[in-house]
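Asker: My structure is stored as input.txt, with compact mmCIF, C-alpha atoms.
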# COMPACT_ATOMS: atom_id res chain seq x y z
CA MET J 821 26.86 -19.51 -14.94
CA THR J 822 25.11 -20.44 -18.19
CA TYR J 823 21.86 -21.32 -16.43
CA GLY J 824 21.91 -18.17 -14.31
CA LEU J 825 22.59 -15.86 -17.27
CA SER J 826 19.92 -17.51 -19.41
CA SER J 827 17.34 -17.34 -16.61
CA LEU J 828 18.08 -13.67 -15.97
CA LEU J 829 17.71 -12.79 -19.65
CA ALA J 830 14.47 -14.78 -19.94
CA MET J 831 13.07 -12.78 -17.01
CA LEU J 832 14.25 -9.48 -18.52
CA LEU J 833 12.63 -10.33 -21.86
CA VAL J 834 9.32 -11.13 -20.17
CA VAL J 835 9.40 -7.89 -18.14
CA SER J 836 10.22 -5.94 -21.31
CA ILE J 837 7.42 -7.48 -23.40
CA LEU J 838 4.57 -7.52 -20.86
CA PRO J 839 4.01 -3.71 -20.81
CA PHE J 840 3.10 -3.81 -24.52
CA SER J 841 -0.12 -5.42 -23.34
CA TYR J 842 -3.02 -3.06 -22.69
CA SER J 843 -3.85 -4.96 -19.51
CA GLN J 844 -4.25 -2.69 -16.48
CA HIS J 845 -3.47 -5.41 -13.93
CA TYR J 846 -0.91 -4.26 -11.38
CA LEU J 847 1.48 -7.11 -12.27
CA ILE J 848 1.65 -5.87 -15.86
CA ARG J 849 1.76 -2.16 -15.10
CA SER J 850 4.44 -2.62 -12.43
CA CYS J 851 6.83 -3.61 -15.24
CA ASP J 852 6.82 0.07 -16.28
CA PHE J 853 8.42 1.02 -12.98
CA VAL J 854 11.58 -1.07 -13.30
CA ARG J 855 12.73 -0.06 -16.78
CA LEU J 856 15.89 1.60 -15.43
CA GLN J 857 16.76 -1.47 -13.39
CA VAL J 858 16.15 -3.70 -16.40
CA VAL J 859 18.52 -1.55 -18.47
CA TYR J 860 21.23 -1.85 -15.80
CA LEU J 861 20.82 -5.63 -15.63
CA ALA J 862 20.78 -5.97 -19.43
CA CYS J 863 24.02 -3.99 -19.65
CA ALA J 864 25.60 -6.24 -17.05
CA SER J 865 24.36 -9.33 -18.93
CA LEU J 866 25.78 -8.00 -22.21
CA ILE J 867 29.17 -7.42 -20.61
CA ALA J 868 29.17 -10.89 -19.04
CA ALA J 869 28.06 -12.55 -22.29
CA SER J 870 30.72 -10.66 -24.30
CA TYR J 871 33.41 -11.79 -21.87
CA LEU J 872 32.27 -15.42 -22.07
CA ILE J 873 32.16 -15.24 -25.87
CA SER J 874 35.78 -14.08 -25.89
CA ARG J 875 36.73 -17.01 -23.67
CA THR J 876 34.66 -19.80 -25.21
CA GLY J 877 33.17 -18.65 -28.51
CA SER J 878 30.01 -20.52 -27.53
CA ALA J 879 26.90 -19.95 -29.65
CA LEU J 880 24.87 -20.00 -26.43
CA TYR J 881 26.64 -16.91 -25.14
CA ILE J 882 26.26 -15.23 -28.53
CA GLY J 883 22.52 -15.82 -28.12
CA CYS J 884 22.68 -14.31 -24.62
CA ALA J 885 24.44 -11.24 -25.99
CA LEU J 886 21.79 -10.83 -28.68
CA ALA J 887 19.02 -11.25 -26.10
CA SER J 888 20.66 -8.51 -23.99
CA ILE J 889 20.71 -6.18 -26.98
CA VAL J 890 17.02 -6.88 -27.68
CA VAL J 891 16.14 -6.02 -24.07
CA LEU J 892 18.14 -2.79 -24.29
CA LEU J 893 16.42 -1.79 -27.53
CA LEU J 894 12.99 -2.47 -26.01
CA GLN J 895 13.74 -0.42 -22.90
CA VAL J 896 15.92 2.47 -24.00
CA GLY J 897 13.25 3.90 -26.30
CA TRP J 898 11.02 4.49 -23.26
CA ILE J 899 13.55 6.10 -20.95
CA TYR J 900 15.78 7.92 -23.47
CA PRO J 901 13.73 11.18 -23.49
CA TYR J 902 14.57 11.58 -19.78
CA THR J 903 18.33 11.26 -20.23
CA ARG J 904 20.66 14.21 -20.67
CA LEU J 905 21.37 12.98 -24.20
CA ALA J 906 17.85 13.84 -25.37
CA ASN J 907 16.60 17.26 -26.42
CA LYS J 908 15.03 19.37 -23.70
CA GLU J 909 11.27 19.61 -24.08
CA VAL J 910 11.18 22.88 -22.12
CA ALA J 911 13.62 25.72 -22.67
CA SER J 912 15.83 26.91 -19.84
CA SER J 913 15.23 30.40 -18.49
CA ASN J 914 17.90 32.96 -17.78
CA LYS J 915 19.49 32.79 -14.36
CA SER J 916 18.80 36.49 -14.00
CA ASP J 917 15.02 36.06 -14.29
CA LYS J 918 13.63 37.17 -10.94
CA HIS J 919 9.87 36.67 -11.15
CA SER J 920 9.44 32.92 -11.03
CA ILE J 921 7.14 30.35 -9.47
CA ARG J 922 8.93 27.90 -7.19
CA ILE J 923 6.99 24.69 -6.44
CA MET J 924 7.97 22.04 -3.93
CA SER J 925 6.15 18.72 -3.84
CA ALA J 926 6.77 16.39 -0.89
CA ASN J 927 5.20 13.02 -0.11
CA VAL J 928 5.91 13.13 3.60
CA LEU J 929 5.08 9.48 4.46
CA MET J 930 2.32 9.69 7.04
CA SER J 931 4.25 7.62 9.63
CA ASN J 932 7.37 9.77 9.27
CA THR J 933 8.08 11.78 12.43
CA GLU J 934 11.01 13.86 11.12
CA TYR J 935 8.83 16.95 10.91
CA ASP J 936 11.65 19.40 11.57
CA GLN J 937 13.67 18.08 8.64
CA LEU J 938 10.92 18.96 6.18
CA VAL J 939 10.43 22.37 7.79
CA ALA J 940 14.18 22.97 7.44
CA LEU J 941 14.04 22.03 3.75
CA VAL J 942 11.18 24.46 3.20
CA LYS J 943 12.99 27.28 4.96
CA THR J 944 16.16 26.58 2.99
CA HIS J 945 14.57 26.49 -0.47
CA GLN J 946 11.69 28.92 0.12
CA PRO J 947 9.12 27.52 -2.34
CA ASP J 948 6.23 29.77 -3.33
CA LEU J 949 3.93 26.75 -3.35
CA LEU J 950 4.41 23.77 -1.04
CA ILE J 951 2.35 20.64 -1.63
CA THR J 952 2.48 17.89 0.98
CA LEU J 953 1.06 14.43 0.30
CA GLU J 954 0.15 11.71 2.84
CA SER J 955 -0.13 14.51 5.40
CA ASP J 956 -2.60 13.94 8.24
CA GLN J 957 -3.75 16.13 11.14
CA THR J 958 -0.49 15.51 13.02
CA TRP J 959 1.54 16.74 10.07
CA GLN J 960 -0.73 19.77 9.78
CA ASN J 961 -0.06 20.61 13.43
CA LYS J 962 3.70 20.09 13.08
CA LEU J 963 3.88 22.35 10.02
CA SER J 964 2.03 25.18 11.73
CA SER J 965 5.31 27.10 12.04
CA LEU J 966 5.09 27.69 8.27
CA GLU J 967 1.75 29.45 8.44
CA GLN J 968 3.19 32.92 8.94
CA GLU J 969 5.24 32.65 5.75
CA TYR J 970 2.38 31.01 3.84
CA PRO J 971 -0.76 33.07 4.41
CA TYR J 972 -2.81 31.13 1.86
CA ARG J 973 -3.47 27.50 2.64
CA VAL J 974 -5.72 24.58 1.68
CA TYR J 975 -6.00 21.80 4.26
CA CYS J 976 -7.22 18.30 3.56
CA PRO J 977 -5.84 16.09 6.37
CA LYS J 978 -6.65 12.38 6.20
CA ASP J 979 -5.41 9.32 8.06
CA ASN J 980 -5.61 7.00 5.03
CA ARG J 981 -2.30 8.13 3.46
CA TYR J 982 -4.10 10.35 0.95
CA GLY J 983 -4.22 13.59 2.90
CA MET J 984 -2.99 16.74 1.15
CA HIS J 985 -1.98 20.22 2.22
CA LEU J 986 -1.16 23.24 0.12
CA TYR J 987 0.79 26.24 1.41
CA SER J 988 1.08 29.31 -0.82
CA LYS J 989 2.84 32.65 -0.66
CA PHE J 990 0.75 33.74 -3.63
CA LYS J 991 -2.84 34.82 -3.27
CA ILE J 992 -5.27 31.95 -3.84
CA LYS J 993 -8.30 33.49 -5.54
CA GLN J 994 -10.35 30.30 -5.75
CA GLN J 995 -9.94 26.78 -4.44
CA GLN J 996 -11.70 23.44 -4.48
CA VAL J 997 -10.98 20.01 -3.03
CA CYS J 998 -12.25 17.26 -5.32
CA GLU J 999 -12.62 13.49 -5.18
CA LEU J 1000 -12.53 12.81 -8.91
CA ILE J 1001 -12.66 9.00 -8.85
CA GLU J 1002 -12.71 7.57 -5.35
CA SER J 1003 -14.08 8.97 -2.11
CA ASP J 1004 -11.40 9.84 0.45
CA ILE J 1005 -8.76 10.21 -2.29
CA PRO J 1006 -8.73 13.98 -2.76
CA SER J 1007 -7.11 16.38 -5.17
CA ILE J 1008 -6.61 20.12 -4.67
CA HIS J 1009 -7.37 22.65 -7.41
CA ILE J 1010 -6.63 26.35 -7.11
CA LEU J 1011 -6.60 29.57 -9.08
CA PHE J 1012 -3.76 31.73 -7.80
CA GLU J 1013 -2.14 35.00 -8.73
CA ASP J 1014 1.64 35.19 -8.99
CA ALA J 1015 3.85 38.15 -8.05
CA ASP J 1016 3.21 39.81 -11.43
CA GLY J 1017 -0.56 39.45 -11.15
CA VAL J 1018 -0.77 36.57 -13.65
CA GLU J 1019 -3.58 34.11 -12.95
CA VAL J 1020 -2.37 30.50 -12.93
CA GLN J 1021 -4.30 27.28 -12.36
CA GLY J 1022 -2.75 24.69 -10.05
CA HIS J 1023 -3.93 21.08 -9.91
CA PHE J 1024 -2.39 18.76 -7.30
CA ILE J 1025 -3.17 15.05 -7.32
CA HIS J 1026 -2.26 11.78 -5.63
CA PRO J 1027 -4.16 8.87 -7.22
CA ALA J 1028 -4.06 5.37 -5.75
CA PRO J 1029 -1.34 3.09 -7.15
CA PRO J 1030 -1.91 -0.28 -8.82
CA SER J 1031 -0.65 -2.75 -6.21
CA PRO J 1032 -1.84 -5.83 -4.31
CA THR J 1033 -2.53 -3.70 -1.21
CA GLU J 1034 -4.24 -0.79 -2.98
CA GLU J 1035 -5.81 -1.39 -6.40
CA ASP J 1036 -5.65 -4.61 -8.44
CA SER J 1037 -5.82 -2.50 -11.59
CA SER J 1038 -4.33 0.80 -12.72
CA ARG J 1039 -7.79 1.83 -13.98
CA PRO J 1040 -8.63 4.28 -11.13
CA ARG J 1041 -5.24 6.02 -11.42
CA ASP J 1042 -5.36 6.16 -15.21
CA THR J 1043 -8.95 7.39 -15.21
CA GLU J 1044 -8.12 10.26 -12.85
CA LEU J 1045 -5.22 11.29 -15.07
CA ILE J 1046 -7.38 11.25 -18.20
CA ILE J 1047 -10.21 13.21 -16.55
CA LEU J 1048 -7.72 15.90 -15.57
CA ALA J 1049 -6.04 15.85 -18.98
CA LYS J 1050 -9.33 16.32 -20.83
CA ALA J 1051 -10.34 19.18 -18.55
CA LEU J 1052 -7.03 20.96 -19.17
CA LYS J 1053 -7.00 20.40 -22.93
CA ASN J 1054 -8.87 23.68 -23.50
CA ARG J 1055 -7.45 25.59 -20.56
CA LEU J 1056 -7.73 29.37 -20.56
CA ARG J 1057 -4.74 30.20 -18.39
CA PRO J 1058 -1.21 29.04 -17.62
CA CYS J 1059 -1.45 25.75 -15.77
CA ILE J 1060 0.66 23.62 -13.41
CA VAL J 1061 -0.02 20.01 -12.39
CA ALA J 1062 2.03 18.42 -9.63
CA GLY J 1063 1.97 15.54 -7.19
CA ASP J 1064 2.71 11.88 -6.63
CA LEU J 1065 1.04 10.20 -9.60
CA ASN J 1066 2.04 6.70 -8.47
CA ASP J 1067 3.21 6.29 -12.04
CA VAL J 1068 6.56 6.69 -13.76
CA ALA J 1069 7.32 9.45 -16.23
CA TRP J 1070 7.69 7.16 -19.24
CA SER J 1071 4.59 4.97 -18.81
CA ARG J 1072 1.88 4.75 -21.45
CA SER J 1073 -0.66 6.40 -19.11
CA THR J 1074 1.59 9.37 -18.33
CA ARG J 1075 2.40 9.82 -22.02
CA LEU J 1076 -1.33 9.77 -22.80
CA PHE J 1077 -1.96 12.37 -20.08
CA MET J 1078 0.61 14.68 -21.64
CA ARG J 1079 -0.65 14.12 -25.17
CA ILE J 1080 -4.28 14.90 -24.28
CA SER J 1081 -3.58 17.84 -21.96
CA GLY J 1082 -0.81 19.36 -24.06
CA LEU J 1083 1.28 19.90 -20.92
CA LEU J 1084 5.06 19.64 -20.92
CA ASP J 1085 7.52 17.74 -18.74
CA PRO J 1086 10.57 19.80 -17.69
CA ARG J 1087 12.52 16.63 -16.85
CA LYS J 1088 12.87 15.62 -20.49
CA GLY J 1089 16.46 16.15 -21.53
CA ARG J 1090 17.45 17.00 -17.95
CA GLY J 1091 17.40 13.69 -16.07
CA PHE J 1092 15.18 11.19 -14.29
CA PHE J 1093 14.92 12.92 -10.89
CA ASN J 1094 13.98 9.63 -9.21
CA THR J 1095 12.06 10.50 -6.06
CA PHE J 1096 11.17 7.02 -4.78
CA HIS J 1097 12.46 5.00 -2.92
CA ALA J 1098 14.65 7.30 -0.82
CA SER J 1099 16.16 4.39 1.18
CA TYR J 1100 17.11 2.05 -1.67
CA PHE J 1101 19.41 3.56 -4.30
CA PHE J 1102 19.10 0.51 -6.57
CA MET J 1103 15.28 0.64 -6.66
CA ARG J 1104 14.39 4.21 -7.55
CA TRP J 1105 12.06 5.69 -10.13
CA PRO J 1106 10.38 9.06 -10.83
CA LEU J 1107 7.01 8.93 -9.02
CA ASP J 1108 6.67 12.63 -8.17
CA HIS J 1109 5.86 14.81 -11.14
CA LEU J 1110 5.37 18.36 -12.30
CA PHE J 1111 3.85 19.26 -15.67
CA HIS J 1112 3.11 22.73 -16.99
CA SER J 1113 1.69 24.59 -19.96
CA ASN J 1114 3.89 26.06 -22.65
CA GLU J 1115 3.95 29.59 -21.22
CA PHE J 1116 6.78 28.61 -18.86
CA SER J 1117 10.50 27.98 -19.10
CA VAL J 1118 12.54 26.15 -16.48
CA LYS J 1119 14.92 27.94 -14.17
CA ARG J 1120 15.64 24.98 -11.91
CA ILE J 1121 14.54 21.46 -11.17
CA GLU J 1122 16.09 19.60 -8.27
CA ARG J 1123 15.62 16.53 -6.11
CA LEU J 1124 16.13 17.63 -2.54
CA ALA J 1125 17.81 15.98 0.45
CA LYS J 1126 16.27 13.21 2.55
CA TYR J 1127 13.87 14.21 5.31
CA GLY J 1128 12.78 10.86 6.75
CA SER J 1129 10.22 9.97 4.10
CA ASP J 1130 10.39 7.17 1.55
CA HIS J 1131 10.18 9.93 -1.09
CA PHE J 1132 12.57 12.74 -1.89
CA ALA J 1133 10.95 16.15 -2.35
CA LEU J 1134 10.96 17.65 -5.84
CA LEU J 1135 11.64 21.37 -6.32
CA THR J 1136 10.83 23.02 -9.66
CA GLU J 1137 11.22 26.69 -10.50
CA LEU J 1138 9.35 28.03 -13.54
CA VAL J 1139 9.45 31.41 -15.26
CA TYR J 1140 6.34 32.74 -16.97
CA HIS J 1141 6.65 34.18 -20.47
CA PRO J 1142 3.63 36.17 -21.72
CA ASP J 1143 2.05 35.22 -25.04
CA SER J 1144 2.26 37.53 -28.02
CA ASP J 1145 -0.14 40.51 -28.13
CA ASN J 1146 -2.12 39.03 -31.02
CA GLN J 1147 -2.60 35.73 -29.26
CA LYS J 1148 -3.69 37.46 -26.04
CA GLN J 1149 -6.21 39.55 -27.97
CA GLN J 1150 -7.70 36.47 -29.60
CA GLU J 1151 -7.89 34.67 -26.26
CA GLN J 1152 -9.63 37.68 -24.72
CA ILE J 1153 -12.28 37.62 -27.46
CA ASP J 1154 -13.10 33.98 -26.79
CA LYS J 1155 -12.53 33.93 -23.04
CA GLU J 1156 -15.98 34.80 -21.73
CA LYS J 1157 -17.73 32.20 -23.89
CA ALA J 1158 -15.13 29.53 -23.13
CA VAL J 1159 -15.34 30.10 -19.37
CA ASP J 1160 -19.10 29.60 -19.48
CA GLU J 1161 -18.61 26.33 -21.33
CA LEU J 1162 -15.87 24.96 -19.12
CA LYS J 1163 -16.63 26.11 -15.60
CA MET J 1164 -17.92 23.45 -13.22
CA PRO J 1165 -20.33 23.79 -10.30
CA SER J 1166 -18.30 24.45 -7.18
CA ALA J 1167 -20.29 21.83 -5.29
CA SER J 1168 -19.23 19.02 -7.63
CA LYS J 1169 -16.31 17.02 -6.30
CA GLN J 1170 -16.26 14.71 -9.30
CA GLN J 1171 -15.33 17.37 -11.88
CA VAL J 1172 -12.16 19.35 -12.37
CA PRO J 1173 -12.88 23.05 -11.70
CA MET J 1174 -11.80 25.49 -14.40
CA PHE J 1175 -12.56 28.57 -12.24
CA ASP J 1176 -14.73 31.38 -13.48
CA THR J 1177 -12.84 34.66 -13.71
CA ASN J 1178 -15.72 36.52 -12.06
CA PRO J 1179 -17.32 34.06 -9.62
CA GLN J 1180 -20.71 34.92 -8.21
Show this structure as structure tokens.

Answerer:
Amino acid sequence: MTYGLSSLLAMLLVVSILPFSYSQHYLIRSCDFVRLQVVYLACASLIAASYLISRTGSALYIGCALASIVVLLLQVGWIYPYTRLANKEVASSNKSDKHSIRIMSANVLMSNTEYDQLVALVKTHQPDLLITLESDQTWQNKLSSLEQEYPYRVYCPKDNRYGMHLYSKFKIKQQQVCELIESDIPSIHILFEDADGVEVQGHFIHPAPPSPTEEDSSRPRDTELIILAKALKNRLRPCIVAGDLNDVAWSRSTRLFMRISGLLDPRKGRGFFNTFHASYFFMRWPLDHLFHSNEFSVKRIERLAKYGSDHFALLTELVYHPDSDNQKQQEQIDKEKAVDELKMPSASKQQVPMFDTNPQ
């Protein structure tokens, strides 16, 4: 018992300390993923150590209890903002608000053949924007029944588990498929118009994860996030970013993305919304994300039912709140100049498009 408890706590301490390193090796960065599991194990260790202290009074078990507390202190600071005890980063909208934007993001798992289950989810929840990840040509064919309800679409089927499809009920005014870091790992960028005629930018990404079978380092994933964050720092319109980031919400790279871009995370203060792995309840973390600019409040955020994939789908409903008249006037004064500075050539797949208001 003593050896097992000591060994467990030694492992938990190592896993808690390693992420403080700036190393981008997948073995180091993977420690970010298991913070919830480490907290659960540390709590169990603290309970066991406290019980043994009451029975034996051994200094060894007192040390184990202290080690458990240290692990909890190291971990809780990272995950606390995503608990219901923390303050909400994004205000909640009124239930009566009718004009909203409902976004559903679903990593379908390319080998998954439960096509009808995803279609049923879509028909039940009626998202305005549906983003599918890992979708290949077969998935595109199987989702063709949605095309009547979603007249605006962007297709990027691939058989390398990085295909993407976008289905929209809103008018897509401009679109571009980019490969910001690696060829054959696309991202979709659109300028769409919601039901009230508000122009909104949508950026949907799925960078490669740091893992022994994908990338030895998190550098490609982190670089894609930073490129997008820098492009959106001086955005001219409301903005939404969604997708499977292959990163957890509380990691250093995701925090840096939010700090640079200025985007908000509606999960803060509302819960973890762990979307992966759908089959193993004890090994789940939030891999599928949605971030947005500060013009939105949150009407709903929900992890949906299983549909055969290793991911759950994430449904987020946002309500747009116009800026003050003075702020809009100032933005209008600067808009033409800023667009000229920020817009990217449509032929460039390595740059995030900012979309000219009046394209040639």

Asker: Residues within 10 Å of Ser931 in chain J, please, as a list in words. Count only C-alpha atoms; anything in the same chain fewer than 4 positions from it doesn't count.

Answerer: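 Skipping anything fewer than 4 positions along the chain leaves Glu954, Ser955, Asp956, Thr958, Trp959, Asp979, Arg981, Gly1128 and Ser1129 of chain J.
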
Asker: Rank nothing, just name the residue among J:Ser826, J:Asn1066, J:Gln895, J:Thr903 nearest to Gly1091 in chain J, using all atoms listed in the file.

Answerer: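 Among the listed residues, J:Thr903 lies closest to Gly1091 in chain J.
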
Asker: I'd like to know which of J:His945, J:Arg849, J:His919, J:Lys1119 is closest to Ser1038 in chain J, using only C-alpha atoms.

Answerer: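 Selected residue with least distance to Ser1038 in chain J: J:Arg849.
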
Asker: Restricting the calculation to only C-alpha atoms: of J:Ser843, J:Ser1113, J:Ser1071, J:Ser965, which residue gets closest to Val1020 in chain J?

Answerer: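 Using only C-alpha atoms, Val1020 in chain J sits closest to J:Ser1113.
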
Asker: One number please: CA of Leu1107 in chain J to CA of Ala940 in chain J, in Å, one decimal.

Answerer: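 That distance, rounded to one decimal, is 22.8 Å.
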
Asker: Could you please determine the separation between CA of Ser870 in chain J and CA of Ile882 in chain J in Å, to one decimal place?

Answerer: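 CA of Ser870 in chain J sits 7.7 Å away from CA of Ile882 in chain J.
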
Asker: I want to know what sits within 6 Å of range 1053-1064 of chain J, based on only C-alpha atoms, with residues of the same chain fewer than 3 positions away left out; could you give that as a ChimeraX atom specification?

Answerer: /J:1020-1026,1050,1081,1107-1113

Asker: Interatomic distance between CA of Asn1094 in chain J and CA of Asp852 in chain J?

Answerer: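 Answer for the CA of Asn1094 in chain J to CA of Asp852 in chain J separation: 13.9 Å.
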
Asker: If we count only C-alpha atoms, what is near range 887-891 of chain J at a cut-off of 12 Å, once residues fewer than 4 positions away on the same chain are taken out, given as a short mmCIF file (atom, residue, chain, number, x, y, z; two decimals) with C-alpha atoms, in the coordinates of the input?

Answerer:
data_model
loop_
_atom_site.label_atom_id
_atom_site.label_comp_id
_atom_site.auth_asym_id
_atom_site.auth_seq_id
_atom_site.Cartn_x
_atom_site.Cartn_y
_atom_site.Cartn_z
CA LEU J 825 22.59 -15.86 -17.27
CA SER J 826 19.92 -17.51 -19.41
CA SER J 827 17.34 -17.34 -16.61
CA LEU J 828 18.08 -13.67 -15.97
CA LEU J 829 17.71 -12.79 -19.65
CA ALA J 830 14.47 -14.78 -19.94
CA MET J 831 13.07 -12.78 -17.01
CA LEU J 832 14.25 -9.48 -18.52
CA LEU J 833 12.63 -10.33 -21.86
CA VAL J 834 9.32 -11.13 -20.17
CA VAL J 835 9.40 -7.89 -18.14
CA SER J 836 10.22 -5.94 -21.31
CA ILE J 837 7.42 -7.48 -23.40
CA ARG J 855 12.73 -0.06 -16.78
CA LEU J 856 15.89 1.60 -15.43
CA GLN J 857 16.76 -1.47 -13.39
CA VAL J 858 16.15 -3.70 -16.40
CA VAL J 859 18.52 -1.55 -18.47
CA TYR J 860 21.23 -1.85 -15.80
CA LEU J 861 20.82 -5.63 -15.63
CA ALA J 862 20.78 -5.97 -19.43
CA CYS J 863 24.02 -3.99 -19.65
CA ALA J 864 25.60 -6.24 -17.05
CA SER J 865 24.36 -9.33 -18.93
CA LEU J 866 25.78 -8.00 -22.21
CA ILE J 867 29.17 -7.42 -20.61
CA ALA J 868 29.17 -10.89 -19.04
CA ALA J 869 28.06 -12.55 -22.29
CA SER J 870 30.72 -10.66 -24.30
CA LEU J 880 24.87 -20.00 -26.43
CA TYR J 881 26.64 -16.91 -25.14
CA ILE J 882 26.26 -15.23 -28.53
CA GLY J 883 22.52 -15.82 -28.12
CA GLN J 895 13.74 -0.42 -22.90
CA VAL J 896 15.92 2.47 -24.00
CA GLY J 897 13.25 3.90 -26.30
CA TRP J 898 11.02 4.49 -23.26
#

Asker: Just checking: using only C-alpha atoms, which residue out of J:Cys884, J:Leu1000, J:Leu894, J:Ile1005 ends up closest to Asn980 in chain J?

Answerer: J:Ile1005

Asker: From the set J:Ser964, J:Thr1136, J:Asn1114, J:Gln996, which residue has the shortest atom-to-atom contact distance to Phe1093 in chain J, counting all atoms listed in the file?

Answerer: J:Thr1136

Asker: Ranking J:Arg1039, J:Tyr987, J:His1009, J:Asn961 by minimum distance to Asp948 in chain J and counting all atoms listed in the file, which one comes first?

Answerer: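 Nearest to Asp948 in chain J: J:Tyr987.
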